[in-house]
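Here is the file query_32.csv (CSV, C-alpha atoms).
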chain,number,residue,atom,x,y,z
A,1,MET,CA,30.1,103.0,120.8
A,2,SER,CA,28.1,99.9,119.8
A,3,SER,CA,25.6,98.3,122.1
A,4,LYS,CA,27.7,95.1,121.9
A,5,LYS,CA,30.7,97.0,123.3
A,6,ILE,CA,28.6,98.5,126.1
A,7,ASP,CA,27.2,95.0,127.0
A,8,THR,CA,30.8,93.6,127.0
A,9,ARG,CA,32.1,96.3,129.2
A,10,THR,CA,29.2,95.8,131.6
A,11,ARG,CA,29.8,92.1,131.7
A,12,ILE,CA,33.5,92.7,132.6
A,13,LEU,CA,32.6,95.1,135.4
A,14,GLU,CA,30.0,92.8,136.8
A,15,ALA,CA,32.4,89.9,136.7
A,16,THR,CA,35.1,91.9,138.4
A,17,TRP,CA,32.7,93.0,141.1
A,18,HIS,CA,31.4,89.6,141.9
A,19,LEU,CA,34.8,87.9,141.8
A,20,MET,CA,36.2,90.5,144.1
A,21,GLU,CA,33.4,90.0,146.6
A,22,GLN,CA,33.5,86.2,146.3
A,23,ARG,CA,37.2,85.9,146.8
A,24,ARG,CA,37.6,88.9,149.2
A,25,GLY,CA,39.9,90.4,146.7
A,26,GLN,CA,42.4,87.5,146.8
A,27,GLY,CA,43.9,86.2,143.5
A,28,VAL,CA,41.5,87.9,141.1
A,29,SER,CA,43.5,88.0,137.9
A,30,MET,CA,42.7,89.5,134.5
A,31,GLY,CA,42.5,85.9,133.2
A,32,ASP,CA,39.9,85.0,135.9
A,33,ILE,CA,37.9,88.1,135.1
A,34,ALA,CA,38.0,87.4,131.3
A,35,LYS,CA,36.8,83.9,131.9
A,36,ALA,CA,34.0,85.0,134.2
A,37,ALA,CA,32.9,87.6,131.6
A,38,GLY,CA,33.0,85.0,128.8
A,39,ILE,CA,35.6,86.8,126.7
A,40,SER,CA,39.3,86.3,125.9
A,41,ARG,CA,42.1,87.9,127.9
A,42,GLN,CA,43.0,89.9,124.8
A,43,ALA,CA,39.4,91.2,124.5
A,44,LEU,CA,39.5,92.3,128.1
A,45,TYR,CA,42.5,94.5,127.3
A,46,LEU,CA,40.5,96.2,124.5
A,47,HIS,CA,38.3,97.6,127.1
A,48,PHE,CA,40.7,98.2,130.0
A,49,ASP,CA,44.4,98.9,129.5
A,50,SER,CA,45.4,97.7,132.9
A,51,ARG,CA,44.1,95.9,136.0
A,52,THR,CA,44.3,99.2,137.9
A,53,GLU,CA,42.1,100.9,135.4
A,54,LEU,CA,39.6,98.1,135.6
A,55,MET,CA,39.5,98.1,139.5
A,56,ILE,CA,38.9,101.9,139.5
A,57,ALA,CA,36.2,101.5,136.9
A,58,THR,CA,34.6,98.7,138.9
A,59,VAL,CA,34.4,100.9,142.0
A,60,ASN,CA,32.8,103.7,140.0
A,61,TYR,CA,30.4,101.2,138.4
A,62,VAL,CA,29.2,99.8,141.7
A,63,ASP,CA,28.7,103.3,143.0
A,64,GLU,CA,26.6,104.0,139.9
A,65,VAL,CA,24.5,100.8,140.2
A,66,LYS,CA,23.9,101.6,143.9
A,67,GLY,CA,22.7,105.1,143.1
A,68,LEU,CA,25.4,107.1,144.7
A,69,ASN,CA,25.1,110.0,142.3
A,70,GLU,CA,21.4,110.4,143.1
A,71,ARG,CA,22.2,110.4,146.8
A,72,LEU,CA,24.9,113.0,146.3
A,73,GLU,CA,22.2,115.3,144.9
A,74,GLN,CA,21.1,115.8,148.5
A,75,PHE,CA,24.1,118.0,149.1
A,76,GLN,CA,22.6,120.6,146.8
A,77,GLU,CA,19.8,121.1,149.3
A,78,ALA,CA,22.2,122.0,152.2
A,79,THR,CA,21.9,125.6,153.5
A,80,SER,CA,24.6,125.3,156.2
A,81,GLY,CA,27.7,123.4,157.3
A,82,VAL,CA,25.6,121.4,159.8
A,83,ASP,CA,23.3,120.4,157.0
A,84,LEU,CA,26.3,119.2,155.0
A,85,LEU,CA,27.5,117.2,158.0
A,86,ASP,CA,24.1,115.5,158.5
A,87,ILE,CA,23.7,114.8,154.7
A,88,CYS,CA,27.2,113.3,154.6
A,89,VAL,CA,26.3,110.8,157.4
A,90,ASP,CA,23.0,110.0,155.7
A,91,VAL,CA,24.5,109.4,152.3
A,92,TRP,CA,27.6,107.5,153.5
A,93,GLY,CA,25.8,105.6,156.2
A,94,ASN,CA,23.3,104.3,153.7
A,95,HIS,CA,25.9,103.6,151.0
A,96,ILE,CA,28.4,101.6,153.0
A,97,PRO,CA,26.2,98.5,153.5
A,98,GLU,CA,25.6,98.4,149.7
A,99,ILE,CA,29.2,98.6,148.7
A,100,TYR,CA,30.7,96.8,151.7
A,101,GLY,CA,31.5,93.5,149.9
A,102,LEU,CA,33.7,95.3,147.3
A,103,ALA,CA,35.1,97.7,149.9
A,104,LYS,CA,36.2,94.8,152.2
A,105,ALA,CA,37.9,93.1,149.2
A,106,LEU,CA,39.8,96.3,148.5
A,107,LEU,CA,40.7,96.7,152.2
A,108,ASN,CA,41.9,93.2,152.4
A,109,THR,CA,44.3,93.5,149.5
A,110,ARG,CA,45.4,97.1,149.2
A,111,ASP,CA,48.7,96.6,151.1
A,112,THR,CA,49.9,94.0,148.6
A,113,ASP,CA,48.0,94.8,145.4
A,114,GLU,CA,48.8,98.0,143.5
A,115,ALA,CA,45.5,97.9,141.5
A,116,THR,CA,43.2,97.5,144.5
A,117,ALA,CA,45.2,100.2,146.4
A,118,ALA,CA,44.6,102.6,143.6
A,119,ALA,CA,40.9,101.9,143.5
A,120,TRP,CA,40.7,102.2,147.3
A,121,ASN,CA,42.6,105.5,147.3
A,122,SER,CA,40.4,106.9,144.5
A,123,CYS,CA,37.2,106.2,146.4
A,124,MET,CA,38.5,107.4,149.8
A,125,GLY,CA,40.1,110.4,148.2
A,126,CYS,CA,36.6,111.6,147.2
A,127,LEU,CA,35.3,111.0,150.7
A,128,HIS,CA,38.2,112.9,152.2
A,129,ASP,CA,37.4,115.8,149.9
A,130,VAL,CA,33.8,115.8,151.1
A,131,CYS,CA,35.0,115.9,154.7
A,132,GLN,CA,37.3,118.8,154.0
A,133,ASN,CA,34.5,120.8,152.3
A,134,ILE,CA,32.2,120.2,155.3
A,135,ILE,CA,34.8,121.4,157.8
A,136,GLU,CA,35.6,124.4,155.6
A,137,ALA,CA,31.9,125.3,155.6
A,138,LEU,CA,31.7,125.0,159.4
A,139,ASP,CA,34.8,127.1,159.9
A,140,GLU,CA,33.6,129.8,157.5
A,141,GLU,CA,30.3,130.0,159.4
A,142,LYS,CA,32.3,130.4,162.6
A,143,ILE,CA,30.7,127.3,164.2
A,144,LEU,CA,33.6,124.9,164.0
A,145,ALA,CA,34.5,124.0,167.6
A,146,ALA,CA,37.4,126.1,168.7
A,147,LYS,CA,39.6,123.2,169.7
A,148,TRP,CA,40.0,122.1,166.1
A,149,SER,CA,42.1,123.3,163.2
A,150,ARG,CA,40.6,122.7,159.8
A,151,SER,CA,43.1,120.0,159.0
A,152,GLU,CA,42.6,118.2,162.4
A,153,ALA,CA,38.8,118.4,162.1
A,154,THR,CA,38.9,117.0,158.6
A,155,GLU,CA,41.0,114.0,159.7
A,156,MET,CA,38.8,113.4,162.7
A,157,LEU,CA,35.6,113.5,160.6
A,158,TYR,CA,37.1,111.2,157.9
A,159,THR,CA,38.2,108.8,160.6
A,160,MET,CA,35.0,108.7,162.5
A,161,ILE,CA,33.0,107.8,159.4
A,162,SER,CA,35.5,105.2,158.3
A,163,ILE,CA,34.4,101.8,157.2
A,164,HIS,CA,36.4,100.3,160.0
A,165,ASN,CA,34.3,102.2,162.6
A,166,TRP,CA,31.1,101.3,160.7
A,167,GLU,CA,32.1,97.6,160.8
A,168,GLN,CA,32.6,97.9,164.6
A,169,LEU,CA,29.3,99.6,165.3
A,170,THR,CA,27.1,97.6,162.9
A,171,LEU,CA,28.6,94.2,162.3
A,172,GLU,CA,30.3,93.8,165.7
A,173,SER,CA,28.0,95.8,168.0
A,174,GLY,CA,24.7,95.1,166.1
A,175,TRP,CA,23.6,98.7,165.4
A,176,THR,CA,21.1,99.1,162.6
A,177,THR,CA,21.8,101.5,159.8
A,178,ALA,CA,19.2,103.9,161.3
A,179,GLN,CA,20.9,103.7,164.7
A,180,TYR,CA,24.3,104.2,163.1
A,181,ILE,CA,23.2,107.3,161.2
A,182,SER,CA,21.2,109.0,164.0
A,183,ARG,CA,23.9,108.4,166.6
A,184,MET,CA,26.8,109.3,164.3
A,185,LYS,CA,25.1,112.6,163.6
A,186,VAL,CA,24.8,113.4,167.3
A,187,LEU,CA,28.4,112.4,167.9
A,188,LEU,CA,29.8,114.4,165.1
A,189,ARG,CA,27.8,117.5,166.0
A,190,SER,CA,28.9,117.3,169.6
A,191,THR,CA,32.5,116.8,168.6
A,192,LEU,CA,33.0,119.2,165.7
A,193,VAL,CA,30.3,121.9,166.1
A,194,ASP,CA,30.1,124.8,168.6
A,195,GLU,CA,26.3,124.4,169.2
A,196,SER,CA,26.2,127.7,171.1
A,197,LYS,CA,26.9,129.5,167.8
A,198,VAL,CA,24.3,127.6,165.7
A,199,SER,CA,21.3,129.8,165.0

Could you render the structure from this file as structure tokens?
Amino acid sequence: MSSKKIDTRTRILEATWHLMEQRRGQGVSMGDIAKAAGISRQALYLHFDSRTELMIATVNYVDEVKGLNERLEQFQEATSGVDLLDICVDVWGNHIPEIYGLAKALLNTRDTDEATAAAWNSCMGCLHDVCQNIIEALDEEKILAAKWSRSEATEMLYTMISIHNWEQLTLESGWTTAQYISRMKVLLRSTLVDESKVS
């Protein structure tokens, strides 16, 4: 792949990212993206076969630019399900503010836009998998609170760390990122973990 092609692809992803944030996801067409990237609409399709493919690639690109992969390496340091739970809150709690503009654009349009819905589902599917893995670890260690089944606990964890709840606690209630992370850790532990069995 030539450096020119890499540069063009990056320009497309940057243009998509910024247009999505500026317009809150509304009315961002392939033509608009091509114009913002300084290329023809036909050239855009040489890099991305569809708008759906482009939206998913944009989400992945933003995650890469914001260092998500490096943050995810923290999971390798976990020695228990409780560690996994705490690391999840650290990683996600620090990542949300950095990707919120794009995430909000996807949220605003996913009910009426197939491409943004696919991008949102791709991102949230990964988060749901992380939640499921954490709950499975807690259950295998016999420290998942007895009131929860694995599936119920997974959905509760996924819901509690949702962007909607982050919005309420930080943007509406004024919590700092540090407050959100520390208090969410306490809340999740008290809700999902049988502390009497934690060594």

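Relative to atom CA of Ser29 of chain A, atom CA of Glu167 of chain A is found at 27.3 Å.
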
Counting all atoms listed in the file, what is within 12 Å of Thr58 of chain A, bar same-chain residues fewer than 2 positions away, as a ChimeraX atom specification? /A:9-21,33,48,51-56,60-65,99,102-103,106,115-116,118-120,122-123

Interatomic distance, atom CA of Trp148 of chain A to atom CA of Leu84 of chain A (Å, one decimal):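 Atom-to-atom, atom CA of Trp148 of chain A to atom CA of Leu84 of chain A, that is 17.9 Å.
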
Around the point (24.9, 102.7, 160.9) (coordinates from the file), which residues reach within 9 Å if we count all atoms listed in the file? Answer as an MDAnalysis selection string. chainID A and resid 89 93:94 96:97 166:167 169:170 175:184

Could the residues of segment 56-94 of chain A that have an atom at most 9 Å from segment 186-190 of chain A be listed as CSV, each with its closest atom pair and the distance in Å to one decimal, counting only C-alpha atoms and ordered by chain and ascending residue number?
residue,atom,partner,partner_atom,distance
A:Val82,CA,A:Arg189,CA,7.6
A:Leu85,CA,A:Leu188,CA,8.0
A:Asp86,CA,A:Arg189,CA,8.6

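Here atom CA of Gly25 of chain A and atom CA of Leu107 of chain A stand 8.4 Å from one another.
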
Please give the centre and size of the box around segment 143-160 of chain A (axis-aligned, containing every atom listed in the file, 6 Å added per side), with values in Å to one decimal and written as lines of an AutoDock Vina configuration file.
center_x = 36.9
center_y = 118.0
center_z = 163.8
size_x = 24.4
size_y = 30.6
size_z = 23.8

Name the residues, using the chain letters and numbers of the file, that sit within 9 Å of (26.5, 128.8, 166.2) when counting all atoms listed in the file, and give them as a PyMOL selection string. chain A and resi 141-144+193-199

Residues near Cys131 of chain A, anyone? I mean within 7 Å using all atoms listed in the file, not counting same-chain ones fewer than 6 positions away, as a PyMOL selection string. chain A and resi 154+157-158

Kindly save the residues from that selection, with C-alpha atoms included, as a tab-separated table (two decimals), in the frame of the given file.
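As a result, again.tsv now contains:
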chain	number	residue	atom	x	y	z
A	154	THR	CA	38.90	117.00	158.60
A	157	LEU	CA	35.60	113.50	160.60
A	158	TYR	CA	37.10	111.20	157.90

Nearest residue to Leu192 of chain A from the set A:Asn165, A:Glu172, A:Ala145, A:His47 (distances using only C-alpha atoms):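 Closest to Leu192 of chain A, using only C-alpha atoms: A:Ala145.
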
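Taking only C-alpha atoms into account, Ile163 of chain A lies nearest to A:Met124 out of the set A:Thr191, A:Met124, A:Leu138, A:Ser151.
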
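Residue nearest Thr109 of chain A within the list A:Gln168, A:Gln26, A:Thr79, A:Gln74: A:Gln26 [criterion: smallest interatomic distance, all atoms listed in the file].
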
With distances taken over all atoms listed in the file, which of A:Ala153, A:Ala36, A:Lys66, A:Lys104 is nearest to Ala137 of chain A?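 For Ala137 of chain A, the nearest of the candidates is A:Ala153.
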